[in-house]
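Content type CSV, C-alpha atoms, from the file run_35.csv:
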chain,number,residue,atom,x,y,z
A,1,MET,CA,97.5,115.3,57.2
A,2,SER,CA,98.8,117.9,59.6
A,3,SER,CA,102.2,117.1,61.1
A,4,LEU,CA,100.6,117.9,64.4
A,5,ALA,CA,98.0,115.1,64.2
A,6,GLY,CA,98.3,111.3,64.2
A,7,LYS,CA,96.6,108.1,65.2
A,8,GLN,CA,97.3,108.9,68.8
A,9,GLY,CA,95.4,112.2,68.6
A,10,PRO,CA,96.9,115.7,68.3
A,11,ARG,CA,100.5,116.4,69.3
A,12,TYR,CA,99.4,119.8,70.7
A,13,ARG,CA,96.6,119.7,73.1
A,14,HIS,CA,95.5,123.1,74.3
A,15,ALA,CA,94.1,123.2,77.8
A,16,ALA,CA,92.9,126.7,78.5
A,17,GLU,CA,92.5,127.7,82.2
A,18,ASP,CA,89.3,129.5,83.0
A,19,GLY,CA,90.0,132.4,85.3
A,20,ALA,CA,87.7,134.4,87.4
A,21,PRO,CA,84.8,136.1,85.5
A,22,TYR,CA,85.4,139.5,84.0
A,23,GLU,CA,83.5,142.3,85.8
A,24,THR,CA,83.8,145.3,83.6
A,25,ILE,CA,84.3,143.9,80.1
A,26,ALA,CA,82.9,141.0,78.1
A,27,VAL,CA,85.4,138.6,76.5
A,28,GLU,CA,84.3,136.4,73.6
A,29,LYS,CA,87.1,134.0,72.4
A,30,LEU,CA,87.7,133.6,68.7
A,31,THR,CA,89.4,130.2,69.1
A,32,PRO,CA,90.4,128.3,72.2
A,33,ILE,CA,94.1,129.0,71.4
A,34,ILE,CA,94.3,132.6,70.4
A,35,GLY,CA,92.2,135.8,70.0
A,36,ALA,CA,89.2,137.4,71.7
A,37,GLU,CA,86.7,140.1,71.0
A,38,ILE,CA,86.2,142.6,73.8
A,39,SER,CA,82.9,144.4,74.3
A,40,GLY,CA,81.5,146.8,76.9
A,41,VAL,CA,84.4,149.2,76.4
A,42,ASP,CA,84.5,152.8,75.0
A,43,ILE,CA,88.2,153.5,74.5
A,44,GLY,CA,87.5,157.2,74.0
A,45,GLU,CA,86.1,157.3,77.5
A,46,LEU,CA,88.5,154.8,78.9
A,47,VAL,CA,91.5,157.0,78.4
A,48,GLU,CA,89.9,159.8,80.4
A,49,GLY,CA,90.5,157.7,83.5
A,50,ASP,CA,87.8,157.5,86.1
A,51,ALA,CA,87.6,154.7,88.7
A,52,ARG,CA,85.7,152.3,86.4
A,53,SER,CA,88.2,152.8,83.6
A,54,ILE,CA,91.1,151.9,86.0
A,55,ARG,CA,89.3,148.6,86.6
A,56,GLN,CA,88.6,148.1,82.9
A,57,MET,CA,92.3,148.7,82.1
A,58,ASP,CA,93.3,146.0,84.6
A,59,GLU,CA,90.9,143.6,82.9
A,60,ILE,CA,92.1,144.5,79.4
A,61,HIS,CA,95.7,143.8,80.5
A,62,ARG,CA,94.5,140.4,81.7
A,63,ALA,CA,92.5,139.7,78.5
A,64,LEU,CA,95.6,140.5,76.4
A,65,ALA,CA,97.8,138.2,78.5
A,66,GLU,CA,95.2,135.3,78.3
A,67,ASN,CA,94.3,135.7,74.6
A,68,LEU,CA,97.5,137.3,73.0
A,69,VAL,CA,95.4,139.4,70.6
A,70,ILE,CA,92.2,141.3,71.5
A,71,PHE,CA,89.7,143.1,69.3
A,72,PHE,CA,87.4,146.0,69.9
A,73,ARG,CA,84.6,147.0,67.4
A,74,ASP,CA,82.7,150.2,66.8
A,75,GLN,CA,85.3,152.5,68.4
A,76,THR,CA,85.3,156.1,67.3
A,77,ILE,CA,88.6,157.6,68.6
A,78,THR,CA,90.7,160.6,67.8
A,79,PRO,CA,94.5,160.3,67.1
A,80,LYS,CA,95.1,161.8,70.5
A,81,GLN,CA,92.9,159.1,72.2
A,82,HIS,CA,94.7,156.4,70.1
A,83,LEU,CA,98.0,157.6,71.4
A,84,ALA,CA,96.7,157.9,75.0
A,85,PHE,CA,95.4,154.3,74.9
A,86,GLY,CA,98.8,153.1,73.8
A,87,ARG,CA,100.5,155.0,76.6
A,88,LYS,CA,98.3,153.1,79.1
A,89,PHE,CA,100.6,150.1,78.4
A,90,GLY,CA,103.9,151.9,78.3
A,91,GLU,CA,106.2,154.3,76.4
A,92,LEU,CA,105.5,154.5,72.7
A,93,HIS,CA,107.8,153.1,70.0
A,94,PHE,CA,108.8,155.0,66.8
A,95,HIS,CA,108.9,152.9,63.7
A,96,PRO,CA,112.4,153.1,62.1
A,97,ALA,CA,111.1,153.4,58.5
A,98,ALA,CA,107.3,153.8,58.1
A,99,PRO,CA,105.5,157.2,57.5
A,100,HIS,CA,103.5,158.6,60.3
A,101,GLU,CA,100.2,160.4,60.4
A,102,ASP,CA,100.0,164.1,61.4
A,103,GLU,CA,102.9,165.4,63.3
A,104,ASP,CA,103.4,162.6,65.8
A,105,PRO,CA,106.0,160.0,64.9
A,106,ALA,CA,104.3,157.4,67.1
A,107,LEU,CA,101.2,157.4,65.0
A,108,MET,CA,102.1,155.1,62.0
A,109,LYS,CA,100.2,155.5,58.8
A,110,ILE,CA,98.5,152.3,57.4
A,111,TYR,CA,97.2,152.7,53.8
A,112,ALA,CA,96.7,150.7,50.7
A,113,ASP,CA,94.6,151.4,47.6
A,114,LYS,CA,94.5,150.4,43.9
A,115,ASN,CA,97.6,152.4,43.2
A,116,SER,CA,99.8,151.0,46.0
A,117,PRO,CA,102.8,148.8,45.1
A,118,ARG,CA,102.3,146.9,48.3
A,119,ALA,CA,100.3,146.7,51.5
A,120,ASN,CA,101.6,146.7,55.1
A,121,GLY,CA,102.3,143.3,56.7
A,122,GLU,CA,101.7,140.9,53.9
A,123,GLY,CA,104.0,138.2,55.2
A,124,TRP,CA,104.2,136.5,58.6
A,125,HIS,CA,106.2,138.6,61.1
A,126,SER,CA,106.5,140.1,64.5
A,127,ASP,CA,106.6,143.9,64.3
A,128,VAL,CA,110.1,145.4,64.1
A,129,SER,CA,111.8,142.3,65.6
A,130,CYS,CA,115.0,143.8,64.2
A,131,ASP,CA,115.2,146.4,67.0
A,132,LEU,CA,117.4,145.7,70.0
A,133,GLU,CA,114.3,146.2,72.1
A,134,PRO,CA,111.4,145.1,69.9
A,135,PRO,CA,107.9,146.4,70.5
A,136,MET,CA,105.8,144.9,73.3
A,137,GLY,CA,102.6,145.3,71.4
A,138,SER,CA,100.8,147.0,68.5
A,139,ILE,CA,97.4,148.7,68.4
A,140,LEU,CA,95.9,149.0,64.9
A,141,TYR,CA,92.8,151.2,64.3
A,142,ILE,CA,91.2,150.6,60.9
A,143,LYS,CA,88.9,153.5,59.9
A,144,GLN,CA,88.3,152.4,56.3
A,145,CYS,CA,88.1,148.8,55.2
A,146,PRO,CA,87.1,147.1,51.9
A,147,PRO,CA,83.6,145.6,51.6
A,148,ARG,CA,85.2,142.1,51.7
A,149,GLY,CA,88.7,140.8,52.4
A,150,GLY,CA,91.6,142.5,54.2
A,151,ASP,CA,91.5,140.1,57.2
A,152,THR,CA,94.5,139.8,59.5
A,153,LEU,CA,95.7,136.4,60.7
A,154,PHE,CA,97.4,135.9,64.1
A,155,ALA,CA,99.4,132.9,65.4
A,156,ASN,CA,100.2,131.8,68.9
A,157,MET,CA,103.9,131.3,69.4
A,158,TYR,CA,103.5,129.8,72.9
A,159,ALA,CA,101.6,127.0,71.2
A,160,ALA,CA,104.1,126.7,68.4
A,161,TYR,CA,106.9,126.2,70.9
A,162,GLU,CA,104.9,123.8,73.1
A,163,ALA,CA,104.0,121.6,70.0
A,164,LEU,CA,107.7,121.0,69.3
A,165,SER,CA,109.3,117.7,70.4
A,166,ASP,CA,111.4,117.7,73.5
A,167,ARG,CA,114.5,116.9,71.4
A,168,MET,CA,113.8,120.0,69.2
A,169,LYS,CA,113.3,122.2,72.3
A,170,ALA,CA,116.7,120.9,73.6
A,171,TYR,CA,118.3,121.7,70.2
A,172,LEU,CA,116.9,125.3,70.1
A,173,ASP,CA,117.7,126.1,73.7
A,174,GLY,CA,120.4,128.8,73.9
A,175,LEU,CA,120.5,129.5,70.1
A,176,THR,CA,120.2,133.0,68.8
A,177,ALA,CA,119.2,134.4,65.4
A,178,LEU,CA,120.0,137.6,63.5
A,179,HIS,CA,117.0,139.8,62.8
A,180,ASP,CA,117.8,142.4,60.2
A,181,GLY,CA,115.7,145.4,59.0
A,182,GLU,CA,118.0,146.5,56.2
A,183,PRO,CA,116.7,144.2,53.4
A,184,ILE,CA,113.1,144.8,54.5
A,185,TYR,CA,113.0,148.5,55.0
A,186,ARG,CA,115.3,150.0,52.3
A,187,GLY,CA,113.1,151.5,49.7
A,188,LEU,CA,110.0,150.0,51.2
A,189,TYR,CA,108.1,153.3,51.7
A,190,ALA,CA,109.4,155.2,48.6
A,191,ASN,CA,105.8,155.4,47.3
A,192,TYR,CA,105.0,157.6,50.4
A,193,GLY,CA,107.9,159.9,49.6
A,194,VAL,CA,109.9,158.6,52.6
A,195,ALA,CA,113.7,158.8,52.1
A,196,ASP,CA,115.8,155.9,53.2
A,197,ARG,CA,117.9,156.3,56.3
A,198,PRO,CA,121.7,155.6,56.2
A,199,SER,CA,121.1,152.3,58.0
A,200,TYR,CA,118.3,150.2,59.6
A,201,PRO,CA,118.4,148.3,62.9
A,202,ASN,CA,119.5,144.7,63.3
A,203,ALA,CA,119.9,142.6,66.5
A,204,GLU,CA,120.5,139.1,67.7
A,205,HIS,CA,117.7,137.5,69.7
A,206,PRO,CA,117.0,134.1,71.3
A,207,VAL,CA,115.3,131.6,69.0
A,208,VAL,CA,113.1,130.9,72.0
A,209,ARG,CA,112.2,133.8,74.3
A,210,THR,CA,110.6,133.9,77.7
A,211,HIS,CA,107.7,136.3,78.1
A,212,PRO,CA,108.5,138.9,80.8
A,213,VAL,CA,104.9,138.9,82.2
A,214,THR,CA,103.6,135.3,81.8
A,215,GLY,CA,107.0,133.5,82.1
A,216,LYS,CA,106.0,131.2,79.2
A,217,LYS,CA,108.4,130.3,76.4
A,218,ALA,CA,107.6,131.4,72.8
A,219,LEU,CA,109.1,130.6,69.5
A,220,TYR,CA,110.7,133.9,68.3
A,221,VAL,CA,111.8,133.6,64.6
A,222,ASN,CA,109.8,134.9,61.7
A,223,ARG,CA,110.1,135.0,57.9
A,224,GLY,CA,110.1,138.8,57.8
A,225,PHE,CA,113.2,139.7,59.7
A,226,VAL,CA,115.3,136.6,60.5
A,227,ARG,CA,118.4,136.1,58.3
A,228,HIS,CA,120.0,133.1,59.9
A,229,ILE,CA,120.6,131.2,63.2
A,230,ASN,CA,123.9,132.0,64.7
A,231,GLY,CA,126.6,129.4,65.5
A,232,ILE,CA,125.5,126.7,63.1
A,233,PRO,CA,126.3,126.1,59.4
A,234,ARG,CA,124.3,128.2,56.9
A,235,ASP,CA,122.7,125.2,55.2
A,236,GLU,CA,121.6,123.8,58.6
A,237,SER,CA,120.3,127.2,59.6
A,238,ASP,CA,118.3,127.5,56.3
A,239,ALA,CA,116.8,124.0,56.8
A,240,MET,CA,116.0,124.6,60.5
A,241,LEU,CA,114.4,128.0,59.8
A,242,ALA,CA,112.3,126.6,56.9
A,243,TYR,CA,111.0,123.9,59.3
A,244,LEU,CA,110.3,126.4,62.1
A,245,TYR,CA,108.5,128.8,59.8
A,246,GLN,CA,106.3,126.1,58.4
A,247,HIS,CA,105.6,124.8,61.9
A,248,ALA,CA,104.7,128.3,63.3
A,249,GLU,CA,102.3,129.0,60.5
A,250,ASN,CA,100.2,125.9,61.1
A,251,PRO,CA,96.5,126.9,61.1
A,252,LEU,CA,96.0,125.1,64.4
A,253,PHE,CA,97.8,128.0,66.1
A,254,GLN,CA,95.8,130.8,64.3
A,255,CYS,CA,92.8,133.0,64.5
A,256,ARG,CA,91.6,135.2,61.7
A,257,PHE,CA,90.0,138.7,62.3
A,258,ARG,CA,87.5,140.1,59.8
A,259,TRP,CA,87.8,143.9,60.0
A,260,THR,CA,84.9,146.3,60.2
A,261,GLU,CA,85.2,150.1,60.1
A,262,ASN,CA,86.4,151.6,63.4
A,263,ALA,CA,87.7,148.3,64.7
A,264,ILE,CA,90.8,148.0,66.8
A,265,ALA,CA,93.2,145.0,67.1
A,266,PHE,CA,95.8,144.9,69.9
A,267,TRP,CA,98.4,142.1,69.8
A,268,ASP,CA,101.3,141.1,71.9
A,269,ASN,CA,104.4,141.0,69.6
A,270,ARG,CA,106.4,139.0,72.2
A,271,CYS,CA,104.3,135.8,71.7
A,272,THR,CA,102.5,136.2,68.4
A,273,GLN,CA,103.1,136.6,64.7
A,274,HIS,CA,100.6,138.0,62.2
A,275,ARG,CA,100.1,138.7,58.5
A,276,ALA,CA,97.7,140.9,56.7
A,277,MET,CA,95.8,139.7,53.6
A,278,TRP,CA,95.9,142.0,50.5
A,279,ASP,CA,93.1,140.3,48.7
A,280,TYR,CA,90.9,143.4,48.4
A,281,TRP,CA,92.4,145.2,45.4
A,282,PRO,CA,91.2,147.7,44.0
A,283,HIS,CA,89.6,148.8,47.3
A,284,THR,CA,91.1,150.9,50.0
A,285,ARG,CA,92.1,149.9,53.5
A,286,SER,CA,93.4,152.7,55.8
A,287,GLY,CA,94.0,153.5,59.5
A,288,THR,CA,96.7,154.2,62.0
A,289,ARG,CA,98.9,152.1,64.3
A,290,VAL,CA,100.3,152.9,67.7
A,291,THR,CA,103.1,150.7,69.0
A,292,VAL,CA,104.2,150.2,72.6
A,293,LYS,CA,107.9,149.8,73.5
A,294,GLY,CA,109.2,146.5,74.7
A,295,GLU,CA,112.3,145.1,76.2
A,296,ARG,CA,115.3,143.1,75.0
A,297,PRO,CA,114.2,139.5,74.5
A,298,VAL,CA,115.7,136.8,76.9
Conversion result in structure tokens:
Amino acid sequence: MSSLAGKQGPRYRHAAEDGAPYETIAVEKLTPIIGAEISGVDIGELVEGDARSIRQMDEIHRALAENLVIFFRDQTITPKQHLAFGRKFGELHFHPAAPHEDEDPALMKIYADKNSPRANGEGWHSDVSCDLEPPMGSILYIKQCPPRGGDTLFANMYAAYEALSDRMKAYLDGLTALHDGEPIYRGLYANYGVADRPSYPNAEHPVVRTHPVTGKKALYVNRGFVRHINGIPRDESDAMLAYLYQHAENPLFQCRFRWTENAIAFWDNRCTQHRAMWDYWPHTRSGTRVTVKGERPV
């Protein structure tokens, strides 16, 4: 039985607020808790910027805030349009280790085939949380996908925090954790011919952060980057992190996106975690990712 369920009903009860109807886009939720597919948008035209596109951008901002991750299918965009769409949400982030497509360091290359030693994002994580100012969001455009498999899972960290007991919330309040890119990134992209840098970023962030737009609290530790919680004994930190990871990865908080060619996923790194499934060997999955700069978590 799930630790979030019992004879008194579920410990986490999600009550979604229905806002005003959308006027320029259609929003179809994947689950009540996280994720929505957006239709009625041509991103190639959107970035050109007429009056209708301004209104659509406002509604896309709203859809992202309400659903945490949003998906667009059947989008044929150029690298320039992909970058321009990212810039609609802020300045772009450069990945500290990954290879990039073409000449622009903001256009990250995503690729795995039968000869790859690994695939991007196989474990639960929030993108580059080791940066002092981790990314606000990531926009992944998959141009080639396997005939089956290769889904991406996303998890709602607002919900993960809300489902904690009041005593646990009090315990975590004010704690920070070390996020370190060194053990993750060193040698990770050698198969692409990428030389290691002298050092990779690390930073201390709150275990629970407050989203700068919504004001909601979100659990902010992930298996990929966090090494320990600061200020408590190491064995206590290990036990606490093991519990928080298991809790955050509960299927109740998740949605799963099945990719199709020319689909786009846009997720908010400040309140989600995600993992990519590499269950499609020996097939190929490829695309590009644009990442939007964020702010220092508080």
ask   = Any idea what the distance is between CA of Gly149 in chain A and CA of Arg275 in chain A?
value = 13.1 Å
message = I need the residue nearest Ile229 in chain A from this list: A:Gly150, A:Pro212, A:Gly174, A:Pro251. Use all atoms listed in the file for the distance.
response =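 Closest to Ile229 in chain A, using all atoms listed in the file: A:Gly174.
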Each residue of range 186-263 of chain A lying at most 12 Å from range 67-70 of chain A should get a row with its shortest atom-to-atom pair and the distance in Å to one decimal, counting only C-alpha atoms; could you produce that, ordered by chain and increasing number, as a tab-separated table?
residue	atom	partner	partner_atom	distance
A:His211	CA	A:Leu68	CA	11.4
A:Val213	CA	A:Leu68	CA	11.9
A:Thr214	CA	A:Leu68	CA	10.9
A:Ala218	CA	A:Leu68	CA	11.7
A:Phe253	CA	A:Leu68	CA	11.6
A:Gln254	CA	A:Val69	CA	10.7
A:Cys255	CA	A:Val69	CA	9.2
A:Arg256	CA	A:Val69	CA	10.5
A:Phe257	CA	A:Ile70	CA	9.8
A:Ala263	CA	A:Ile70	CA	10.7
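The smallest atom-to-atom distance between Gly40 in chain A and any of A:Ser53, A:Arg186, A:Thr260, A:Val207, using all atoms listed in the file, is found for A:Ser53.
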Could you build a table of the residues in range 133-172 of chain A lying no more than 7 Å from range 219-223 of chain A, giving for each the nearest pair of atoms and their separation in Å rounded to one decimal place, using all atoms listed in the file, ordered by chain and ascending residue number, as JSON lines?
{"residue": "A:Met157", "atom": "CA", "partner": "A:Leu219", "partner_atom": "CA", "distance": 5.2}
{"residue": "A:Tyr158", "atom": "CA", "partner": "A:Leu219", "partner_atom": "CA", "distance": 6.6}
{"residue": "A:Ala160", "atom": "CA", "partner": "A:Leu219", "partner_atom": "CA", "distance": 6.4}
{"residue": "A:Tyr161", "atom": "CA", "partner": "A:Leu219", "partner_atom": "CA", "distance": 5.1}
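Picture a line from CA of Leu30 in chain A to CA of Leu252 in chain A; it runs 12.6 Å.
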task = For CA of His61 in chain A and CA of Asn202 in chain A, quote the distance in Å rounded to one decimal.
result =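 CA of Asn202 in chain A lies at a distance of 29.4 Å from CA of His61 in chain A.
In terms of minimum interatomic distance to Arg73 in chain A, A:Ser39 ranks closest within A:Ser129, A:Thr31, A:Ser39, A:Thr24, counting only C-alpha atoms.
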request  = Extract, using only C-alpha atoms, all DNA, RNA and protein residues at most 12 Å from Glu45 in chain A, discarding same-chain residues fewer than 6 positions from it, and format them as a list in words.
outcome  = Ala51, Arg52, Ser53, Ile54, Gln56, Met57, Gln75, Thr76, Ile77, Thr78, Gln81, His82, Ala84 and Phe85 of chain A
task = Kindly indicate which residue among A:Glu66, A:His125, A:Glu162, A:Gly35 lies nearest to His14 in chain A, using only C-alpha atoms for the distances.
result =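 Closest to His14 in chain A of all the choices is A:Glu162.
Closest approach to Val41 in chain A among A:Ala119, A:Gly9, A:Trp278, A:Ile264: A:Ile264, based on only C-alpha atoms.
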Take range 82-118 of chain A, bring it up to N, CA and C atoms, and give me the output as a compact mmCIF listing (two decimals), in the coordinates of the input.
# COMPACT_ATOMS: atom_id res chain seq x y z
N HIS A 82 93.92 157.56 70.55
CA HIS A 82 94.70 156.40 70.10
C HIS A 82 96.04 156.34 70.80
N LEU A 83 96.73 157.45 70.76
CA LEU A 83 98.00 157.60 71.40
C LEU A 83 97.93 157.38 72.92
N ALA A 84 96.90 157.99 73.50
CA ALA A 84 96.70 157.90 75.00
C ALA A 84 96.44 156.45 75.38
N PHE A 85 95.68 155.70 74.57
CA PHE A 85 95.40 154.30 74.90
C PHE A 85 96.71 153.50 74.85
N GLY A 86 97.55 153.75 73.86
CA GLY A 86 98.80 153.10 73.80
C GLY A 86 99.69 153.37 75.04
N ARG A 87 99.68 154.61 75.48
CA ARG A 87 100.50 155.00 76.60
C ARG A 87 100.01 154.37 77.94
N LYS A 88 98.79 153.84 77.95
CA LYS A 88 98.30 153.10 79.10
C LYS A 88 99.11 151.83 79.34
N PHE A 89 99.81 151.39 78.29
CA PHE A 89 100.60 150.10 78.40
C PHE A 89 102.07 150.35 78.39
N GLY A 90 102.51 151.59 78.24
CA GLY A 90 103.90 151.90 78.30
C GLY A 90 104.33 153.00 77.38
N GLU A 91 105.62 153.26 77.33
CA GLU A 91 106.20 154.30 76.40
C GLU A 91 105.97 153.85 74.99
N LEU A 92 105.80 154.82 74.09
CA LEU A 92 105.50 154.50 72.70
C LEU A 92 106.79 154.29 71.88
N HIS A 93 106.68 153.44 70.90
CA HIS A 93 107.80 153.10 70.00
C HIS A 93 107.63 153.83 68.69
N PHE A 94 108.76 154.28 68.13
CA PHE A 94 108.80 155.00 66.80
C PHE A 94 109.28 153.98 65.78
N HIS A 95 108.52 153.79 64.73
CA HIS A 95 108.90 152.90 63.70
C HIS A 95 110.17 153.42 62.96
N PRO A 96 111.16 152.56 62.66
CA PRO A 96 112.40 153.10 62.10
C PRO A 96 112.30 153.46 60.60
N ALA A 97 111.17 153.16 59.95
CA ALA A 97 111.10 153.40 58.50
C ALA A 97 109.77 153.99 58.05
N ALA A 98 108.66 153.58 58.63
CA ALA A 98 107.30 153.80 58.10
C ALA A 98 106.92 155.31 58.24
N PRO A 99 106.06 155.79 57.34
CA PRO A 99 105.50 157.20 57.50
C PRO A 99 104.56 157.24 58.63
N HIS A 100 104.42 158.46 59.17
CA HIS A 100 103.50 158.60 60.30
C HIS A 100 102.40 159.64 59.89
N GLU A 101 101.33 159.57 60.65
CA GLU A 101 100.20 160.40 60.40
C GLU A 101 100.32 161.70 61.22
N ASP A 102 99.89 162.82 60.67
CA ASP A 102 100.00 164.10 61.40
C ASP A 102 101.41 164.42 61.74
N GLU A 103 101.60 164.99 62.92
CA GLU A 103 102.90 165.40 63.30
C GLU A 103 103.58 164.47 64.33
N ASP A 104 102.84 163.46 64.78
CA ASP A 104 103.40 162.60 65.80
C ASP A 104 104.02 161.36 65.24
N PRO A 105 105.33 161.16 65.44
CA PRO A 105 106.00 160.00 64.90
C PRO A 105 105.57 158.67 65.44
N ALA A 106 104.82 158.68 66.56
CA ALA A 106 104.30 157.40 67.10
C ALA A 106 103.05 156.95 66.50
N LEU A 107 102.46 157.76 65.60
CA LEU A 107 101.20 157.40 65.00
C LEU A 107 101.50 156.97 63.52
N MET A 108 101.69 155.67 63.33
CA MET A 108 102.10 155.10 62.00
C MET A 108 100.91 155.09 61.07
N LYS A 109 101.18 155.45 59.84
CA LYS A 109 100.20 155.50 58.80
C LYS A 109 100.04 154.08 58.16
N ILE A 110 98.80 153.59 58.05
CA ILE A 110 98.50 152.30 57.40
C ILE A 110 97.59 152.63 56.20
N TYR A 111 98.02 152.32 54.99
CA TYR A 111 97.20 152.70 53.80
C TYR A 111 97.57 151.83 52.62
N ALA A 112 96.56 151.33 51.94
CA ALA A 112 96.70 150.70 50.70
C ALA A 112 95.50 150.90 49.80
N ASP A 113 95.72 151.22 48.52
CA ASP A 113 94.60 151.40 47.60
C ASP A 113 95.01 150.78 46.24
N LYS A 114 94.23 151.05 45.20
CA LYS A 114 94.50 150.40 43.90
C LYS A 114 95.80 150.82 43.27
N ASN A 115 96.38 151.93 43.71
CA ASN A 115 97.60 152.40 43.20
C ASN A 115 98.86 151.99 43.99
N SER A 116 98.64 151.33 45.11
CA SER A 116 99.80 151.00 46.00
C SER A 116 100.58 149.83 45.42
N PRO A 117 101.91 149.91 45.53
CA PRO A 117 102.80 148.80 45.10
C PRO A 117 102.79 147.64 46.06
N ARG A 118 102.32 147.87 47.28
CA ARG A 118 102.30 146.90 48.30
C ARG A 118 101.39 147.28 49.42
